Every structure is written in C-alpha cells, then in structure tokens.
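Below is the file structure_12.txt, which contains compact mmCIF, C-alpha atoms.
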```
# COMPACT_ATOMS: atom_id res chain seq x y z
CA MET A 1 -20.85 44.52 -71.15
CA ASN A 2 -22.59 41.74 -73.03
CA ASP A 3 -20.44 40.43 -75.90
CA LYS A 4 -23.47 40.85 -78.19
CA SER A 5 -23.94 44.49 -77.32
CA SER A 6 -25.33 46.70 -80.10
CA ALA A 7 -22.23 48.86 -79.69
CA THR A 8 -20.02 46.15 -81.21
CA PRO A 9 -21.00 46.40 -84.92
CA PRO A 10 -21.32 50.16 -85.48
CA ALA A 11 -21.82 52.17 -88.64
CA PRO A 12 -21.07 49.56 -91.36
CA THR A 13 -24.24 47.58 -90.58
CA ALA A 14 -26.41 50.70 -90.66
CA LEU A 15 -24.76 51.82 -93.89
CA SER A 16 -25.24 48.47 -95.61
CA THR A 17 -28.90 48.25 -94.59
CA SER A 18 -29.46 51.82 -95.76
CA ARG A 19 -28.04 50.98 -99.18
CA ALA A 20 -30.13 47.82 -99.29
CA GLY A 21 -33.22 49.90 -98.55
CA LEU A 22 -32.41 52.25 -101.42
CA LEU A 23 -31.82 49.39 -103.86
CA TRP A 24 -35.08 47.65 -102.96
CA GLY A 25 -36.90 50.97 -103.18
CA LEU A 26 -35.45 51.64 -106.63
CA LEU A 27 -36.58 48.20 -107.81
CA GLY A 28 -40.09 48.97 -106.62
CA VAL A 29 -40.08 52.37 -108.34
CA ALA A 30 -38.99 50.74 -111.61
CA ALA A 31 -41.97 48.39 -111.35
CA PHE A 32 -44.37 51.25 -110.55
CA SER A 33 -43.06 53.48 -113.35
CA LEU A 34 -45.19 51.61 -115.88
CA THR A 35 -48.40 51.95 -113.87
CA VAL A 36 -49.57 55.30 -115.23
CA PRO A 37 -48.86 54.60 -118.95
CA LEU A 38 -50.41 51.13 -118.79
CA THR A 39 -53.45 52.44 -116.92
CA ARG A 40 -53.83 54.95 -119.73
CA VAL A 41 -53.62 52.06 -122.25
CA THR A 42 -56.48 50.18 -120.59
CA VAL A 43 -58.90 53.11 -120.20
CA GLU A 44 -58.06 55.30 -123.20
CA GLY A 45 -60.05 53.36 -125.81
CA GLY A 46 -63.06 52.77 -123.57
CA ALA A 47 -62.84 48.97 -123.85
CA MET A 48 -62.35 48.74 -120.09
CA SER A 49 -64.07 51.11 -117.70
CA PRO A 50 -61.99 53.00 -115.12
CA LEU A 51 -63.85 51.20 -112.33
CA PHE A 52 -63.01 47.79 -113.80
CA THR A 53 -59.37 48.74 -114.32
CA GLY A 54 -59.01 50.10 -110.80
CA SER A 55 -60.86 47.34 -108.94
CA GLY A 56 -60.41 44.31 -111.20
CA ARG A 57 -56.63 44.37 -110.96
CA ALA A 58 -56.92 44.36 -107.15
CA VAL A 59 -59.12 41.23 -107.30
CA VAL A 60 -56.55 39.39 -109.42
CA ALA A 61 -53.74 40.49 -107.11
CA ALA A 62 -55.77 39.41 -104.06
CA LEU A 63 -56.10 35.90 -105.47
CA LEU A 64 -52.31 35.72 -105.92
CA ALA A 65 -51.80 37.12 -102.42
CA ALA A 66 -54.18 34.61 -100.82
CA ALA A 67 -52.41 31.74 -102.58
CA ALA A 68 -48.99 32.97 -101.43
CA LEU A 69 -50.13 33.43 -97.83
CA ALA A 70 -51.73 29.98 -97.72
CA TRP A 71 -48.80 28.24 -99.41
CA THR A 72 -46.26 29.70 -96.98
CA GLY A 73 -48.49 29.25 -93.92
CA GLN A 74 -48.36 32.85 -92.71
CA ARG A 75 -49.91 33.60 -89.33
CA LEU A 76 -52.88 35.94 -89.16
CA PRO A 77 -52.27 39.58 -88.21
CA ARG A 78 -53.28 40.39 -84.67
CA GLY A 79 -55.30 43.11 -82.98
CA ALA A 80 -54.54 46.62 -84.15
CA GLN A 81 -52.59 45.31 -87.13
CA TRP A 82 -55.91 44.72 -88.93
CA GLY A 83 -56.82 48.38 -88.57
CA ARG A 84 -53.42 49.43 -89.89
CA LEU A 85 -53.81 47.02 -92.80
CA ALA A 86 -57.13 48.72 -93.56
CA VAL A 87 -55.24 52.03 -93.81
CA VAL A 88 -52.74 50.46 -96.21
CA ALA A 89 -55.52 48.90 -98.28
CA GLY A 90 -57.45 52.16 -98.43
CA GLY A 91 -54.38 53.96 -99.73
CA VAL A 92 -52.66 51.65 -102.19
CA VAL A 93 -55.30 49.03 -103.05
CA VAL A 94 -58.43 51.18 -103.30
CA GLY A 95 -57.53 54.88 -103.35
CA PHE A 96 -54.60 55.19 -105.73
CA PRO A 97 -55.66 52.64 -108.41
CA VAL A 98 -59.29 53.75 -108.63
CA LEU A 99 -58.61 57.50 -108.54
CA THR A 100 -55.83 57.34 -111.13
CA SER A 101 -57.93 55.12 -113.41
CA PHE A 102 -60.72 57.71 -113.51
CA ALA A 103 -58.28 60.63 -113.85
CA LEU A 104 -56.35 59.04 -116.72
CA THR A 105 -59.53 58.53 -118.70
CA PHE A 106 -59.22 62.23 -119.57
CA ALA A 107 -55.66 63.23 -118.63
CA GLN A 108 -52.59 62.07 -120.55
CA ALA A 109 -50.02 59.87 -118.84
CA SER A 110 -47.44 62.67 -118.90
CA HIS A 111 -49.93 65.03 -117.30
CA GLY A 112 -50.61 62.46 -114.59
CA ALA A 113 -46.91 62.44 -113.81
CA VAL A 114 -47.12 66.17 -112.99
CA VAL A 115 -49.12 65.54 -109.84
CA ILE A 116 -47.80 62.08 -109.03
CA ALA A 117 -44.30 63.61 -108.93
CA LEU A 118 -45.37 65.10 -105.60
CA LEU A 119 -45.65 61.62 -104.06
CA PRO A 120 -42.06 61.36 -102.72
CA ALA A 121 -42.41 64.60 -100.76
CA ALA A 122 -45.85 63.56 -99.55
CA THR A 123 -44.49 60.19 -98.42
CA ALA A 124 -41.63 61.86 -96.56
CA VAL A 125 -44.01 64.21 -94.76
CA THR A 126 -46.34 61.36 -93.85
CA ALA A 127 -43.43 59.23 -92.62
CA ALA A 128 -42.19 62.08 -90.44
CA LEU A 129 -45.64 62.58 -88.93
CA ARG A 130 -46.47 58.89 -88.51
CA GLY A 131 -43.10 57.36 -87.78
CA SER A 132 -40.19 58.21 -85.55
CA GLU A 133 -37.91 59.55 -88.29
CA ARG A 134 -37.06 63.22 -88.02
CA PRO A 135 -34.83 64.28 -90.93
CA PRO A 136 -32.82 67.50 -90.58
CA ALA A 137 -33.71 70.75 -92.32
CA SER A 138 -31.27 70.05 -95.17
CA PHE A 139 -33.18 66.89 -96.04
CA TRP A 140 -36.49 68.75 -96.22
CA THR A 141 -34.87 71.43 -98.36
CA MET A 142 -33.65 68.91 -100.91
CA ALA A 143 -36.97 67.06 -100.78
CA ALA A 144 -38.76 70.30 -101.62
CA VAL A 145 -36.30 71.14 -104.40
CA GLY A 146 -36.65 67.64 -105.82
CA ALA A 147 -40.44 67.82 -105.74
CA VAL A 148 -40.41 71.19 -107.51
CA ALA A 149 -37.93 69.94 -110.10
CA ALA A 150 -39.95 66.78 -110.75
CA THR A 151 -43.19 68.73 -111.06
CA ALA A 152 -41.69 71.33 -113.38
CA PHE A 153 -40.12 68.63 -115.54
CA ALA A 154 -43.36 66.67 -115.86
CA ALA A 155 -45.39 69.82 -116.52
CA LEU A 156 -43.31 70.55 -119.62
CA GLN A 157 -44.40 67.25 -121.12
CA GLY A 158 -48.11 67.27 -120.43
CA GLU A 159 -50.99 69.64 -120.55
CA GLY A 160 -49.41 71.73 -117.83
CA PRO A 161 -51.08 73.27 -114.79
CA GLY A 162 -53.96 74.47 -116.94
CA GLY A 163 -55.15 70.95 -117.73
CA PRO A 164 -58.49 69.41 -116.74
CA HIS A 165 -59.48 70.50 -113.25
CA TRP A 166 -61.30 67.50 -111.83
CA PRO A 167 -58.77 64.92 -113.05
CA ASP A 168 -56.12 66.94 -111.22
CA LEU A 169 -58.18 66.76 -108.03
CA LEU A 170 -58.44 63.00 -108.45
CA LEU A 171 -54.68 62.77 -108.93
CA PHE A 172 -54.04 64.89 -105.84
CA GLY A 173 -56.32 62.53 -103.92
CA ALA A 174 -54.42 59.56 -105.31
CA VAL A 175 -51.13 61.07 -104.13
CA ALA A 176 -52.49 61.64 -100.63
CA ALA A 177 -53.90 58.11 -100.47
CA ALA A 178 -50.67 56.51 -101.69
CA ALA A 179 -48.51 58.54 -99.30
CA VAL A 180 -50.52 57.34 -96.31
CA GLY A 181 -50.50 53.76 -97.59
CA TYR A 182 -46.75 53.82 -98.25
CA ALA A 183 -45.87 55.24 -94.84
CA GLU A 184 -48.16 52.95 -92.84
CA GLY A 185 -47.20 49.97 -94.98
CA GLY A 186 -43.51 50.66 -94.47
CA LEU A 187 -43.96 50.66 -90.70
CA LEU A 188 -46.19 47.59 -90.71
CA ALA A 189 -43.74 45.71 -92.93
CA ARG A 190 -41.29 45.79 -90.04
CA GLU A 191 -43.73 43.66 -88.07
CA LEU A 192 -45.38 41.43 -90.68
CA GLY A 193 -42.76 41.41 -93.44
CA ALA A 194 -42.75 43.25 -96.75
CA TRP A 195 -44.71 40.95 -99.05
CA GLN A 196 -46.94 39.79 -96.21
CA THR A 197 -48.11 43.36 -95.59
CA VAL A 198 -49.30 44.02 -99.13
CA SER A 199 -50.74 40.50 -99.35
CA TRP A 200 -52.88 40.90 -96.23
CA ALA A 201 -53.97 44.36 -97.40
CA LEU A 202 -55.09 42.88 -100.72
CA VAL A 203 -56.96 40.03 -99.02
CA LEU A 204 -58.62 42.44 -96.59
CA SER A 205 -59.90 44.66 -99.39
CA ALA A 206 -60.88 41.76 -101.70
CA PRO A 207 -64.63 41.68 -100.81
CA LEU A 208 -65.07 45.39 -101.54
CA MET A 209 -63.04 45.26 -104.73
CA ALA A 210 -64.91 42.15 -105.91
CA VAL A 211 -68.22 43.99 -105.49
CA LEU A 212 -66.90 47.02 -107.39
CA THR A 213 -65.60 44.75 -110.13
CA GLY A 214 -68.96 43.06 -110.42
CA VAL A 215 -70.71 46.43 -110.69
CA ALA A 216 -68.23 47.49 -113.38
CA VAL A 217 -68.75 44.31 -115.38
CA VAL A 218 -72.55 44.63 -115.25
CA ARG A 219 -72.49 48.29 -116.27
CA GLN A 220 -69.88 47.86 -119.01
CA PRO A 221 -68.62 44.38 -119.87
CA PRO A 222 -64.87 44.66 -120.41
CA SER A 223 -63.31 43.97 -123.77
CA GLY A 224 -60.04 44.84 -125.37
CA THR A 225 -57.16 43.92 -127.60
CA PRO A 226 -54.40 41.52 -126.51
CA VAL A 227 -52.23 44.58 -125.79
CA GLU A 228 -54.86 46.09 -123.52
CA TRP A 229 -55.33 42.83 -121.63
CA ALA A 230 -51.55 42.49 -121.30
CA ALA A 231 -51.45 45.97 -119.79
CA PHE A 232 -54.21 44.97 -117.37
CA ALA A 233 -52.27 41.83 -116.43
CA TYR A 234 -49.17 43.90 -115.64
CA LEU A 235 -51.21 46.26 -113.47
CA ALA A 236 -52.66 43.30 -111.55
CA VAL A 237 -49.55 41.15 -111.13
CA VAL A 238 -46.72 43.70 -110.91
CA SER A 239 -48.17 47.11 -110.02
CA MET A 240 -50.58 45.72 -107.42
CA PHE A 241 -48.55 42.79 -106.10
CA LEU A 242 -44.92 42.08 -106.98
CA GLY A 243 -43.84 45.73 -107.07
CA PHE A 244 -44.86 46.14 -103.43
CA PHE A 245 -42.62 43.24 -102.45
CA ALA A 246 -39.61 45.39 -103.27
CA TRP A 247 -41.10 48.75 -102.28
CA TYR A 248 -42.26 47.80 -98.78
CA ARG A 249 -39.05 45.89 -98.17
CA GLY A 250 -37.10 49.05 -98.97
CA LEU A 251 -39.32 51.17 -96.72
CA ALA A 252 -39.05 48.61 -93.91
CA ILE A 253 -35.24 48.65 -94.07
CA GLY A 254 -35.38 52.44 -94.25
CA PRO A 255 -34.80 55.13 -93.28
CA MET A 256 -38.31 55.57 -94.69
CA ALA A 257 -38.07 59.29 -95.50
CA ARG A 258 -34.81 58.76 -97.39
CA VAL A 259 -35.96 55.69 -99.32
CA GLY A 260 -39.14 57.54 -100.29
CA GLN A 261 -37.07 60.11 -102.18
CA VAL A 262 -35.93 57.43 -104.65
CA GLN A 263 -39.39 57.84 -106.13
CA LEU A 264 -38.30 61.22 -107.51
CA VAL A 265 -36.93 59.32 -110.51
CA GLN A 266 -40.34 57.80 -111.24
CA PRO A 267 -41.59 60.77 -113.34
CA VAL A 268 -38.52 60.37 -115.54
CA MET A 269 -39.20 56.67 -116.03
CA THR A 270 -42.94 57.22 -116.46
CA ILE A 271 -42.60 59.82 -119.19
CA GLY A 272 -39.95 57.70 -120.88
CA TRP A 273 -42.40 54.79 -120.99
CA ALA A 274 -45.15 57.13 -122.15
CA ALA A 275 -42.97 58.23 -125.05
CA LEU A 276 -42.16 54.64 -125.96
CA LEU A 277 -45.57 53.05 -125.52
CA LEU A 278 -47.96 55.95 -126.12
CA HIS A 279 -45.79 57.89 -128.59
CA GLU A 280 -45.83 61.07 -126.52
CA GLN A 281 -43.19 63.54 -127.64
CA LEU A 282 -39.71 63.26 -126.11
CA THR A 283 -37.59 66.40 -126.53
CA TRP A 284 -34.30 67.79 -125.27
CA PRO A 285 -36.06 69.59 -122.39
CA THR A 286 -37.24 66.14 -121.35
CA VAL A 287 -33.69 64.78 -121.28
CA LEU A 288 -32.31 67.81 -119.41
CA GLY A 289 -35.23 67.92 -117.01
CA GLY A 290 -34.88 64.23 -116.33
CA ALA A 291 -31.20 64.69 -115.50
CA ALA A 292 -32.12 67.48 -113.06
CA VAL A 293 -34.68 65.30 -111.31
CA VAL A 294 -32.25 62.40 -110.97
CA ALA A 295 -29.60 64.78 -109.58
CA CYS A 296 -32.01 66.11 -106.96
CA ALA A 297 -32.95 62.56 -105.97
CA ALA A 298 -29.29 61.55 -105.70
CA ILE A 299 -28.52 64.50 -103.41
CA ALA A 300 -31.63 63.99 -101.28
CA VAL A 301 -30.97 60.32 -100.56
CA ARG A 302 -27.41 61.07 -99.50
CA VAL A 303 -28.30 63.69 -96.93
CA ARG A 304 -27.41 62.21 -93.59
CA LEU A 305 -30.22 61.70 -91.15
CA ARG A 306 -29.90 62.10 -87.43
CA PRO A 307 -28.31 59.29 -85.46
CA THR A 308 -31.78 57.85 -84.74
CA ALA A 309 -31.75 56.58 -88.31
CA GLY A 310 -29.79 53.61 -86.99
CA ALA A 311 -32.94 52.47 -85.23
CA GLY A 312 -34.64 52.30 -88.61
CA ALA A 313 -31.84 50.11 -89.88
CA VAL A 314 -32.17 47.81 -86.88
CA ALA A 315 -35.91 47.57 -87.43
CA GLY A 316 -35.31 46.79 -91.08
CA THR A 317 -32.90 44.04 -90.20
CA ALA A 318 -35.45 42.55 -87.84
CA ALA A 319 -38.09 42.76 -90.55
CA GLU A 320 -35.89 40.71 -92.85
CA ALA A 321 -35.76 38.04 -90.15
CA GLY A 322 -39.53 38.13 -89.82
CA THR A 323 -39.55 39.63 -86.32
CA ALA A 324 -40.06 43.08 -84.89
CA ALA A 325 -37.07 45.01 -83.61
CA PRO A 326 -36.66 44.80 -79.85
CA PRO A 327 -37.32 48.00 -77.92
CA PRO A 328 -34.22 49.99 -76.98
CA ARG A 329 -32.78 49.19 -73.57
CA ARG A 330 -33.08 51.79 -70.90
CA PRO A 331 -29.84 52.78 -69.22
CA PRO A 332 -29.57 51.54 -65.65
CA SER A 333 -30.88 53.98 -63.12
CA VAL A 334 -28.34 55.66 -60.90
CA SER A 335 -29.24 56.11 -57.24
CA ARG A 336 -28.27 59.38 -55.73
```
Final structure tokens representation of the file:
Amino acid sequence: MNDKSSATPPAPTALSTSRAGLLWGLLGVAAFSLTVPLTRVTVEGGAMSPLFTGSGRAVVAALLAAAALAWTGQRLPRGAQWGRLAVVAGGVVVGFPVLTSFALTFAQASHGAVVIALLPAATAVTAALRGSERPPASFWTMAAVGAVAATAFAALQGEGPGGPHWPDLLLFGAVAAAAVGYAEGGLLARELGAWQTVSWALVLSAPLMAVLTGVAVVRQPPSGTPVEWAAFAYLAVVSMFLGFFAWYRGLAIGPMARVGQVQLVQPVMTIGWAALLLHEQLTWPTVLGGAAVVACAAIAVRVRLRPTAGAGAVAGTAAEAGTAAPPPRRPPSVSR
C-alpha cells in the first residue's frame, strides 16, 4: 500500500473539515442576516427604486470582484464552467436580489423572513438533486421540522400567511433562485475556489446588471439619506460580495446539505435586526420561537450523513488548496 493512502488519516480529517464548513457557513449566514432588513431600508421610503437596489448593488460588487480577480491573477474559467457560473449568477446575483427588492417594497422585513426561512430546506433538496450527497431519512426529517419551525416562528412576527399575495410569489421565486445558486455555487467552488466563484459570477452578470441599473436611474434617479446609502453600501459590499466568500467556502468544504441547514438560524437573526433597525415588535414568542429554530438547526447539522460524506470533505480540502479533488481510485480488477 502507498504510504500516502487515503486510509491513513481517517475520521479526524473529515470531522475537522465538516466543522470548518459549518463555521464558514455560519459566518456567511451572519453576513446575510442583514440583507432583508437593509433592503427594506433602501426601498421603503421610495428614495431608491427596487430595480436600482437590486441591480445597482450587483454592479458595485462586480467592480470589486473584477479588481480582486485582476489583482490576484486568477485564470479564466474554462468550458462548461461558464455555463455553471451563469446558473450561479442567475440565482444569487440577479434572481434573489431583484425579486426580494420588489417584494420588500410592500412586505415587511419580518414577513419576508417567513418565506425566506424555507431556503435551507430548498438548498438541501437542490444539493441532493444536483450533487452526490444523499442524506439519510433522519436528516430530511429534521430538515423538514426545522423549516416548519422557522416558518411558523417568522409568521408570528409578520403579516402571516394572509399577507400580500404577489410579494409572496416574488419571495418564493427568490428562494428557488437562491437555492439553485447556492447548490451550484457550492459545487463550483470546489473547482474554482470560494471567492473566485462569486467573483466570476458577478463579472459575468455585470453587463446585464449595468443595463438594468441605467434603466433604473433614468426612470427614477436615486436619492436617499446617509443611512439609506449606508444600507445600500452594505448590500453591495457584504451581501453581494464578502458574505459569499464565507458561504461558498462552507458549502465547498461541505457536506453541502448539512452546511445549508445552518441557514435555519437566519430568520432569528433577521427578525432580531428588524426589531433593532426597523423597530418591529420583539415579544416573548419571538424569543421562544427563536430558541426552537436554533435547536432544530443544531440537531439537523449533527445528523450523521452516509459514509460518502467523506468525499465531500476531501473535495472541500482540495478546494482550499485551489485544486479539484482527484477522482476516487477504482479497486484493481480480479481475474477469475
């Protein structure tokens, strides 16, 4: 046997990479938790149009991404990677920001969290369909319980299921778009790297978003208070750029379906920020519901995946080194 056989360092490496994936994912979720309240800040007063908020922040982030890619001398993606980057861009650069910006023009931030709380379950389903991860039934059970708990918790704080109909449809579309972008981006990050993936997606979508921004500026020139422009700056620099550094790194380390469940705590953080920044009411049901959501997330992320999860850890380790994981060796054939 080769002295560098993969059988030499067993479970500890997989366990450490799994924990690293969870920690990076949690850091990304913390960055994203401010997205909905700050989007509400920019569009609520009408100083900035939803189209400008959704597309303009992507243009700013694309400029930062292009500078980072050029400064570090990253190689261009190749072949089919461009098509996969288009999927990522359509989900997290175009779909989610634009749809949520229009929805939050009429829906409160806490109401937006009702639907967006479904994102972890949607990401897990998309990862299972797109990737090679196949969590056991117990994982899906806890994912479903966590999604129900998060939705019920958020519904108590907003307008509830009987809120505006078309904003809800936009939010459902945003969840679907983000789930696809998260899953594909997590897989692609194993090949290109975490921050490189979101950077190339931003650069790829920059022409379209620049056109949309120009249309928005012509139709309604943006204005706003220093607070509103500060919120826009956060959306552009953190929500659209830096937050994905941590999030895609966590998904790349994986296992993707497990790391995705960390996002179950995002409704808790989001409604907490909404209470602090937008003065939405925070009651004891909020505290108790938040504790229930965190408990469901903690149980879900600890459910053991099948042994194939180790492959996700290996791929994540390779992603950290900037290379793709080598394909598994076939056992030597036995002649009969």
Open item on the list: Ranking A:Leu276, A:Cys296, A:Ala178, A:Trp247 by minimum distance to Leu23 (chain A) and counting all atoms listed in the file, which one comes first?
Closed with: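 Selected residue with least distance to Leu23 (chain A): A:Trp247.
Straight-line separation from CA of Phe102 (chain A) to CA of Pro226 (chain A): 21.7 Å.
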Counting all atoms listed in the file, what are the residues of region 167-286 of chain A within 8 Å of region 92-100 of chain A, and for each of them which pair of atoms is the nearest and at what distance in Å, to one decimal? Sort the table by chain and rising number, as a Markdown table.
```
| residue | atom | partner | partner_atom | distance |
| --- | --- | --- | --- | --- |
| A:Leu170 | CA | A:Leu99 | CA | 5.5 |
| A:Leu171 | CA | A:Thr100 | CA | 6.0 |
| A:Gly173 | CA | A:Leu99 | CA | 7.2 |
| A:Ala174 | CA | A:Phe96 | CA | 4.4 |
| A:Val175 | CA | A:Phe96 | CA | 7.0 |
| A:Ala177 | CA | A:Gly95 | CA | 5.6 |
| A:Ala178 | CA | A:Val92 | CA | 5.3 |
| A:Gly181 | CA | A:Val92 | CA | 5.5 |
| A:Tyr182 | CA | A:Val92 | CA | 7.4 |
| A:Ala201 | CA | A:Val93 | CA | 7.4 |
| A:Leu202 | CA | A:Val93 | CA | 6.6 |
| A:Ser205 | CA | A:Val93 | CA | 7.3 |
| A:Met209 | CA | A:Val94 | CA | 7.6 |
| A:Met240 | CA | A:Val93 | CA | 7.2 |
```
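Remark: for Ala122 (chain A), the closest of the candidate residues A:Gly185, A:Gly260, A:Gly289, A:Gly272 is A:Gly260 (distances computed over all atoms listed in the file).
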TODO: Counting all atoms listed in the file, note down every residue that has an atom within 7 Å of the point (-52.9, 38.8, -99.9) (file coordinates), as JSON, numbers by chain.
DONE: {"A": [62, 64, 65, 66, 69, 198, 199, 200, 201, 202, 203]}
Open item on the list: So the first atom is CA of Gly112 (chain A) and the second is CA of Trp284 (chain A); what is the distance between them in Å, to one decimal place?
Closed with: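 Taking CA of Gly112 (chain A) as the start and CA of Trp284 (chain A) as the end point, the length is 20.2 Å.
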- [ ] Extract, using all atoms listed in the file, all DNA, RNA and protein residues at most 9 Å from region 193-197 of chain A, discarding same-chain residues fewer than 5 positions from it, and format them as a list in words.
- [x]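 Here the answer would be Ala65, Ala68, Leu69, Gln74, Leu85, Val88, Gly185, Gly186, Leu188, Leu202, Phe241, Leu242, Phe244, Phe245, Ala246, Trp247, Tyr248, Arg249, Gly250, Leu251, Ala252, Ala319, Glu320, Ala321, Gly322 and Thr323 of chain A.
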Take the residues just selected and output them with C-alpha atoms as a compact mmCIF listing (two decimals), in the frame of the given file.
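Output file part-v5.txt is given in full below:
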```txt
# COMPACT_ATOMS: atom_id res chain seq x y z
CA ALA A 65 -51.80 37.12 -102.42
CA ALA A 68 -48.99 32.97 -101.43
CA LEU A 69 -50.13 33.43 -97.83
CA GLN A 74 -48.36 32.85 -92.71
CA LEU A 85 -53.81 47.02 -92.80
CA VAL A 88 -52.74 50.46 -96.21
CA GLY A 185 -47.20 49.97 -94.98
CA GLY A 186 -43.51 50.66 -94.47
CA LEU A 188 -46.19 47.59 -90.71
CA LEU A 202 -55.09 42.88 -100.72
CA PHE A 241 -48.55 42.79 -106.10
CA LEU A 242 -44.92 42.08 -106.98
CA PHE A 244 -44.86 46.14 -103.43
CA PHE A 245 -42.62 43.24 -102.45
CA ALA A 246 -39.61 45.39 -103.27
CA TRP A 247 -41.10 48.75 -102.28
CA TYR A 248 -42.26 47.80 -98.78
CA ARG A 249 -39.05 45.89 -98.17
CA GLY A 250 -37.10 49.05 -98.97
CA LEU A 251 -39.32 51.17 -96.72
CA ALA A 252 -39.05 48.61 -93.91
CA ALA A 319 -38.09 42.76 -90.55
CA GLU A 320 -35.89 40.71 -92.85
CA ALA A 321 -35.76 38.04 -90.15
CA GLY A 322 -39.53 38.13 -89.82
CA THR A 323 -39.55 39.63 -86.32
```
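Distance-wise, CA of Thr126 (chain A) and CA of Ala179 (chain A) end up 6.5 Å apart.
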Open item on the list: Restricting the calculation to only C-alpha atoms: of A:Val238, A:Val294, A:Ala124, A:Leu34, which residue gets closest to Ala61 (chain A)?
Closed with: A:Val238
- [ ] Please identify all polymer residues lying at most 9 Å from the point (-55.3, 44.8, -116.7) (file coordinates), using all atoms listed in the file, and present the result as a ChimeraX atom specification.
- [x] /A:38-39,42,48,52-54,56-57,228-237
Task: Residue with smallest distance to Ala143 (chain A) - pool A:Pro285, A:Pro267, A:Gly214, A:Pro120, counting all atoms listed in the file - done: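 Of A:Pro285, A:Pro267, A:Gly214, A:Pro120, the one nearest Ala143 (chain A), counting all atoms listed in the file, is A:Pro120.
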Please, what is the axis-aligned box for every listed atom of region 35-52 of chain A with 5 Å on each side, as centre and edge lengths in Å to one decimal, as lines of an AutoDock Vina configuration file?
```
center_x = -56.2
center_y = 51.5
center_z = -119.1
size_x = 25.7
size_y = 17.5
size_z = 23.5
```
- [ ] Choose the residue, out of A:Met269, A:Val293, A:Leu204, A:Ile116, that has the smallest atom-to-atom separation from Gly146 (chain A); count all atoms listed in the file.
- [x]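 Closest to Gly146 (chain A), using all atoms listed in the file: A:Val293.
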Open item on the list: I need the residue nearest Met256 (chain A) from this list: A:Thr123, A:Gln108, A:Gln81, A:Ser55. Use only C-alpha atoms for the distance.
Closed with: A:Thr123
